[in-house]
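One structure below.
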Amino acid sequence: MDTLVAQLQRQFRDYTISLYHQGFLDDQFTELKKLQDECSPDFVAEVVSLFFEDCEKLIGNMARALDQTGNVDFSLVGSSVHQLKGSSSSVGAKRVKGLCVTFKECCDSQSFEGCVRCLQQVDIEYKSLKAKLQDLFNLEQQIVQAGGRIPQVDI
Amino acid sequence: MEVCNCIEPQWPADELLMKYQYISDFFIAVAYFSIPLELIYFVKKSAVFPYRWVLVQFGAFIVLCGATHLINLWTFTTHSRTVALVMTTAKVLTAVVSCATALMLVHIIPDLLSVKTRELFLKNKAAELDREMGLIRTQEETGRHVRMLTHEIRSTLDRHTILKTTLVELGRTLALEECALWMPTRTGLELQLSYTLRQQHPVEYTVPIQLPVINQVFGTSRAVKISPNSPVARLRPVSGKYLLGEVVAVRVPLLHLSNFQINDWPELSTKRYALMVLMLPSDSARQWHVHELELVEVVADQVAVALSHAAILEESMRARDLLMEQNVALDIARREAETAIRARNDFLAVMNHEMRTPMHAIIALSSLLQETELTPEQRLMVETVLKSSSLLATLMNDVLDLSRLEDGSLQLELGTFNLHTLFREVLNLIKPIAVVKKLPITLNLAPDLPEFVVGDEKRLMQIILNIVGNAVKFSKQGSISVTALVTKSDNRAPPDFFVVPTGSHFYLRVKVKDLGAGINPQDIPKLFTKFAQTQSLATRSSGGSGLGLAISKRFVNLMEGNIWIESEGVGKGCTAIFDVKLAISNESKQSGIPKVPANPQHVNFAGLKVLVMDENGVSRMVTKGLLVHLGCEVTTVSSNEECLRVVSHEHRVVFMDVCTPGVENYQIALRIHEKFTKRHQRPLLVALTGNTDKSTKEKCMSFGLDGVLLKPVSLDNMRNVLSDLLEHRVLYEAM
């Protein structure tokens, strides 16, 4: 019979692997994990939360810009998308980054409908990623509380 | 007279004649009665006889004839009327039947005759078929023999075996007495008896090739019957009483490799034939049959083909052997050449060292001697010694170096050295000669000329020496100035060359100006060719091998630089300018300290101060995390202005994000360059960017960045990059 810790660890591993396979995360996230050590034990969590704050802010900016019907400042939207792309690639949010690429094209071609659609998608995507990462962190917490060690997941 | 019904014979009965008639009649009757019996008997015996009815008729006719003759027997004597009646009846019947038979025979006899004819015809046909069968059989046998012969002949590729086998098999098949082959000699003028079947021919037995009989045989591809007395057929000692068997000769074409052109099949106008002579056994009265002749012809053709195959094989084997020999010879030659080259290199190396040392001593001491108190004669002598030995030294150097340069085996020997000292040394070397010629030399070193550089000290010295030496050599009066500076822009370089400063390398420009003889602008291109010298009077006297500039040019090219000469014309002096690429050494030690190859894994970046500039908070944080993990002390800024404010000489590296569209990012690099004029105080500038195309790279280079990195950076990558950067001070490979 598995101990609780082993069970949790297995859950954690499976969940992490599934996140990679579903394309939510990529290698950059692995790199981030490498940077987490005793000196900065919460590095990943900090970066990730910063990222989500950034997402919120940028999405808000873009929504406001797109709301100015008839007078949409596409360059502003474009620069926000650029920022978002940079952030997402730094964090390893693969899907968000992919969406940003499409979004950028819409901005360049100044397609209002396209931008709106992309914005909605990005919104959905980052929220779902946030939820999933939240779950992952919760699992980590549970493992630590149960006295176990967070396993190293090799993709 | 009593009337009796007797019939009297017509004439008186002569006793003898009557007796004979009587007997004949009797025999006729008998015969006539027996013939039908025989007929019936034999017809019954034979199965086939289509004319039974005729037979019956015939039988009846004969019987009646017999009866008539029989009855006639009684008429020789007096006979009664009954007999006469019977006789008459018989005769009448006979007449009727014979007429009928005669009429019938008219129809039948032609038929019978035709049957005979057909029979004859069929017999003839049968005989003909038999003959033809015989012919076919012989032909088939011939074919079989040919196949077998061919098989035997073609089963070997050895020429002698082929010929021998041919003769043997032919002899066997045709039951020949003797079989011989005459091959043309090398000269082609004679036929030599090469092979015989039965007897050993001891000596070279030749006949001239122009015999009429031979021409006749060679003229046709068929087998030709020749006389047994012709010279080609007289192979064995002939004892007179034997009748020589018939002899047949056939030509065998000898095909050569060269006959097989691609476009045309071998024409038999090739001219070389061998002669095959076949002799039937003497005294056998055998004759050459047509099929035997055909056999011989076919065999001759096959032999020709087999021989040509054998010849081709021989050719190719010979060629292969030849090639192998050549290979071996080439191998030996190559090895000898290698040995020679090695010997020469060894010689050069030894001479290089051995010759230069004494030379150097002679020159140095002679020039020292010059400085002492000397009588005018002594001074003259010393000057001559100095001049000669300088010349010799130069010549030696030139030759030794040029031979190495020619090989392409010359490689620059990089080391750290003091550039300022180098110039001073060169001047010291040249000073004796210059002083003698009363040419003042001045040296100007630019203030920003780095002191310690990395390059090939010896060769650089050689170049400078050569140029300055030339200046001294070709000037009779005036002064010589040597200027050394760091070149930034290419305002005076020839148009096909431009200087791109990269990283910590720089281009050293040396200008040697003299006010001497000058050079005709048209001659300038020739200057750099080996052994060529402009033949003006002024230069004729100064000797020299003409190698100097050529060697210097080679060295300059090796150092990725350029050399050229400017002159306004004869008598107006000239300026020699060259650029060479040197690296700045970050160690201010003398050359000779070996560099420790840093193992990137263990380089400690502890406390390395770096500055990270990124507008994007997330990537700023990530980059900071990376560097902190590696042990650096990281300061982060989020804008260009802040960066400029914060950056100090303590920061070794500045990572700047140039992703944001716009050129402003690069301007900061320029500003930083401006802020830190002293090269070694400036921090290294690395751009972080999302795209890696050539234009980005070029842009970075042009704005003076030391390296470009592709975002996002992995931990290993960053580690390698940092260590490379700090070691080499330049990084353009991390893409």
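Following the order of the structure tokens, chains are lettered A, B, ..., residues in each are numbered from 1, and ligands are numbered from 1.
Residue neighbourhood of Leu70 of chain B, excluding near-sequence residues (fewer than 4 positions): Asp25, Phe26, Ala29, Gly66 and Trp74 of chain B, at 8 Å, using only C-alpha atoms.
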May I have the selected residues written with N, CA, C and O atoms, as a CSV table (one decimal), in the first residue's frame?
chain,number,residue,atom,x,y,z
B,25,ASP,N,-1.1,-77.3,-130.2
B,25,ASP,CA,-2.4,-77.0,-129.7
B,25,ASP,C,-2.6,-77.6,-128.3
B,25,ASP,O,-3.2,-76.9,-127.4
B,26,PHE,N,-2.2,-78.8,-128.1
B,26,PHE,CA,-2.4,-79.4,-126.8
B,26,PHE,C,-1.7,-78.6,-125.7
B,26,PHE,O,-2.3,-78.3,-124.7
B,29,ALA,N,-3.4,-75.4,-125.1
B,29,ALA,CA,-4.6,-75.6,-124.2
B,29,ALA,C,-4.2,-75.7,-122.8
B,29,ALA,O,-4.8,-75.1,-121.9
B,66,GLY,N,-8.3,-71.5,-124.6
B,66,GLY,CA,-7.7,-72.9,-124.4
B,66,GLY,C,-8.7,-73.9,-124.9
B,66,GLY,O,-8.3,-74.9,-125.6
B,74,TRP,N,-9.4,-82.1,-132.1
B,74,TRP,CA,-10.3,-83.0,-132.8
B,74,TRP,C,-10.5,-82.7,-134.3
B,74,TRP,O,-10.9,-83.5,-135.0
For segment 370-383 of chain B, work out the shell of residues within 12 Å, counting only C-alpha atoms and skipping chain neighbours fewer than 5 positions away, then give it as a count of residues only. 14
Please build the interface table for segment 57-154 of chain A against segment 6-23 of chain A with a cut-off of 10 Å, listing for each qualifying residue the nearest atom pair and the distance in Å to one decimal; count only C-alpha atoms, order rows by chain and increasing number, and write it as CSV.
residue,atom,partner,partner_atom,distance
A:Gly92,CA,A:Gly23,CA,10.0
A:Ala93,CA,A:Gly23,CA,8.5
A:Lys94,CA,A:Gly23,CA,6.2
A:Arg95,CA,A:Gly23,CA,6.4
A:Val96,CA,A:Gly23,CA,9.9
A:Leu129,CA,A:Leu19,CA,9.2
A:Lys132,CA,A:Leu19,CA,8.2
A:Leu133,CA,A:Leu19,CA,9.1
A:Asp135,CA,A:Tyr15,CA,9.1
A:Leu136,CA,A:Phe12,CA,7.0
A:Phe137,CA,A:Phe12,CA,9.3
A:Asn138,CA,A:Phe12,CA,9.7
A:Leu139,CA,A:Phe12,CA,6.3
A:Glu140,CA,A:Phe12,CA,7.4
A:Gln142,CA,A:Leu8,CA,7.6
A:Ile143,CA,A:Leu8,CA,6.1
A:Val144,CA,A:Leu8,CA,9.9
A:Ala146,CA,A:Leu8,CA,8.9
A:Gly148,CA,A:Gln9,CA,8.1
A:Arg149,CA,A:Gln9,CA,8.1
A:Ile150,CA,A:Gln9,CA,6.9
A:Pro151,CA,A:Gln9,CA,6.5
A:Gln152,CA,A:Arg13,CA,8.2
A:Val153,CA,A:Arg13,CA,6.1
A:Asp154,CA,A:Ile17,CA,8.4
Export N, CA and C atoms of the chosen residues as a PDB file, in the first residue's frame?
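File produced: selection18.pdb:
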ATOM      1  N   GLY A  92       8.009  30.223 -19.854  1.00  0.00           N
ATOM      2  CA  GLY A  92       7.794  28.887 -20.411  1.00  0.00           C
ATOM      3  C   GLY A  92       6.334  28.592 -20.620  1.00  0.00           C
ATOM      4  N   ALA A  93       5.509  29.648 -20.697  1.00  0.00           N
ATOM      5  CA  ALA A  93       4.087  29.430 -20.952  1.00  0.00           C
ATOM      6  C   ALA A  93       3.902  29.283 -22.453  1.00  0.00           C
ATOM      7  N   LYS A  94       3.935  28.047 -22.883  1.00  0.00           N
ATOM      8  CA  LYS A  94       4.020  27.770 -24.331  1.00  0.00           C
ATOM      9  C   LYS A  94       2.784  28.227 -25.079  1.00  0.00           C
ATOM     10  N   ARG A  95       1.630  27.896 -24.543  1.00  0.00           N
ATOM     11  CA  ARG A  95       0.398  28.218 -25.278  1.00  0.00           C
ATOM     12  C   ARG A  95       0.185  29.707 -25.359  1.00  0.00           C
ATOM     13  N   VAL A  96       0.457  30.362 -24.231  1.00  0.00           N
ATOM     14  CA  VAL A  96       0.265  31.814 -24.223  1.00  0.00           C
ATOM     15  C   VAL A  96       1.181  32.446 -25.261  1.00  0.00           C
ATOM     16  N   LEU A 129      -4.014  28.385 -17.314  1.00  0.00           N
ATOM     17  CA  LEU A 129      -2.656  28.053 -16.885  1.00  0.00           C
ATOM     18  C   LEU A 129      -2.470  28.400 -15.413  1.00  0.00           C
ATOM     19  N   LYS A 132      -4.017  25.789 -13.321  1.00  0.00           N
ATOM     20  CA  LYS A 132      -3.254  24.530 -13.305  1.00  0.00           C
ATOM     21  C   LYS A 132      -1.997  24.664 -12.445  1.00  0.00           C
ATOM     22  N   LEU A 133      -1.299  25.785 -12.626  1.00  0.00           N
ATOM     23  CA  LEU A 133      -0.088  25.972 -11.835  1.00  0.00           C
ATOM     24  C   LEU A 133      -0.431  26.065 -10.360  1.00  0.00           C
ATOM     25  N   ASP A 135      -2.823  24.468  -8.917  1.00  0.00           N
ATOM     26  CA  ASP A 135      -2.980  23.073  -8.480  1.00  0.00           C
ATOM     27  C   ASP A 135      -1.630  22.447  -8.208  1.00  0.00           C
ATOM     28  N   LEU A 136      -0.698  22.716  -9.139  1.00  0.00           N
ATOM     29  CA  LEU A 136       0.631  22.116  -9.019  1.00  0.00           C
ATOM     30  C   LEU A 136       1.303  22.566  -7.731  1.00  0.00           C
ATOM     31  N   PHE A 137       1.191  23.848  -7.456  1.00  0.00           N
ATOM     32  CA  PHE A 137       1.816  24.367  -6.236  1.00  0.00           C
ATOM     33  C   PHE A 137       1.147  23.790  -4.999  1.00  0.00           C
ATOM     34  N   ASN A 138      -0.181  23.638  -5.076  1.00  0.00           N
ATOM     35  CA  ASN A 138      -0.879  23.028  -3.943  1.00  0.00           C
ATOM     36  C   ASN A 138      -0.363  21.630  -3.683  1.00  0.00           C
ATOM     37  N   LEU A 139      -0.177  20.882  -4.762  1.00  0.00           N
ATOM     38  CA  LEU A 139       0.349  19.529  -4.619  1.00  0.00           C
ATOM     39  C   LEU A 139       1.712  19.573  -3.930  1.00  0.00           C
ATOM     40  N   GLU A 140       2.527  20.545  -4.379  1.00  0.00           N
ATOM     41  CA  GLU A 140       3.853  20.668  -3.775  1.00  0.00           C
ATOM     42  C   GLU A 140       3.734  20.902  -2.273  1.00  0.00           C
ATOM     43  N   GLN A 142       1.335  20.133  -0.322  1.00  0.00           N
ATOM     44  CA  GLN A 142       0.852  18.936   0.365  1.00  0.00           C
ATOM     45  C   GLN A 142       1.995  17.957   0.584  1.00  0.00           C
ATOM     46  N   ILE A 143       2.810  17.813  -0.458  1.00  0.00           N
ATOM     47  CA  ILE A 143       3.927  16.873  -0.337  1.00  0.00           C
ATOM     48  C   ILE A 143       4.850  17.316   0.802  1.00  0.00           C
ATOM     49  N   VAL A 144       5.160  18.634   0.783  1.00  0.00           N
ATOM     50  CA  VAL A 144       6.081  19.152   1.816  1.00  0.00           C
ATOM     51  C   VAL A 144       5.479  18.951   3.204  1.00  0.00           C
ATOM     52  N   ALA A 146       3.375  16.744   4.056  1.00  0.00           N
ATOM     53  CA  ALA A 146       3.363  15.318   4.428  1.00  0.00           C
ATOM     54  C   ALA A 146       4.753  14.818   4.738  1.00  0.00           C
ATOM     55  N   GLY A 148       7.348  14.852   2.673  1.00  0.00           N
ATOM     56  CA  GLY A 148       8.088  14.265   1.555  1.00  0.00           C
ATOM     57  C   GLY A 148       8.910  15.309   0.806  1.00  0.00           C
ATOM     58  N   ARG A 149       9.579  14.853  -0.215  1.00  0.00           N
ATOM     59  CA  ARG A 149      10.420  15.737  -1.006  1.00  0.00           C
ATOM     60  C   ARG A 149       9.771  15.884  -2.380  1.00  0.00           C
ATOM     61  N   ILE A 150       9.869  17.076  -2.905  1.00  0.00           N
ATOM     62  CA  ILE A 150       9.269  17.279  -4.230  1.00  0.00           C
ATOM     63  C   ILE A 150      10.136  16.561  -5.266  1.00  0.00           C
ATOM     64  N   PRO A 151       9.521  15.648  -6.000  1.00  0.00           N
ATOM     65  CA  PRO A 151      10.349  14.862  -6.918  1.00  0.00           C
ATOM     66  C   PRO A 151      10.796  15.681  -8.136  1.00  0.00           C
ATOM     67  N   GLN A 152      11.952  15.263  -8.632  1.00  0.00           N
ATOM     68  CA  GLN A 152      12.495  15.888  -9.845  1.00  0.00           C
ATOM     69  C   GLN A 152      11.851  15.197 -11.046  1.00  0.00           C
ATOM     70  N   VAL A 153      11.175  15.985 -11.861  1.00  0.00           N
ATOM     71  CA  VAL A 153      10.476  15.379 -12.995  1.00  0.00           C
ATOM     72  C   VAL A 153      11.295  15.622 -14.273  1.00  0.00           C
ATOM     73  N   ASP A 154      11.731  14.563 -14.880  1.00  0.00           N
ATOM     74  CA  ASP A 154      12.473  14.710 -16.140  1.00  0.00           C
ATOM     75  C   ASP A 154      11.523  14.484 -17.298  1.00  0.00           C
TER      76      ASP A 154
END
As a PyMOL selection string, which residues of segment 3-153 of chain A does DSSP assign to alpha helix (DSSP H)? chain A and resi 4-21+27-34+43-67+74-91+94-108+112-145
Pull out every residue of chain B that has at least one atom within 7 Å of chain A, counting only C-alpha atoms, and report them as a compact mmCIF listing (two decimals) with C-alpha atoms, in the first residue's frame.
# COMPACT_ATOMS: atom_id res chain seq x y z
CA ASN B 616 10.00 43.39 -19.18
CA VAL B 618 9.31 38.90 -15.90
CA SER B 619 12.29 38.36 -18.13
CA MET B 621 13.50 38.59 -13.00
CA VAL B 622 14.36 35.42 -14.86
CA GLY B 625 17.63 34.59 -11.23
CA LEU B 626 19.95 32.93 -13.70
CA HIS B 629 22.23 31.24 -9.40
CA PRO B 712 15.37 32.67 -23.31
CA SER B 714 19.23 28.35 -20.37
CA LEU B 715 21.37 27.98 -17.32
Identify, on the basis of only C-alpha atoms, every residue whose closest approach to segment 67-76 of chain A does not exceed 8 Å; exclude the query and any residue fewer than 3 positions from it along the same chain; express the result as number ranges by chain. A: 62-64, 79-80, 107-108, 110
Distance query Leu460 of chain B at most 12 Å, only C-alpha atoms, self and fewer than 2 positions along chain excluded, as a ChimeraX atom specification: /B:412-415,417-419,422-423,425-426,453-458,462-467,508-510,551-559,561,578-582
Just how far from atom CA of Cys100 of chain A is atom CA of Val686 of chain B, in Å to one decimal? 26.0 Å
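Across the model, the gap from atom CA of Arg147 of chain B to atom CA of Val248 of chain B is 20.9 Å.
Taking atom CA of Asn470 of chain B as the reference point, atom CA of Met359 of chain B is found at 19.7 Å.
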Name the residues of segment 324-446 of chain B that come out as strand (DSSP E) in a backbone DSSP run; write them as a VMD selection string. chain B and resid 415 to 418 441 to 445
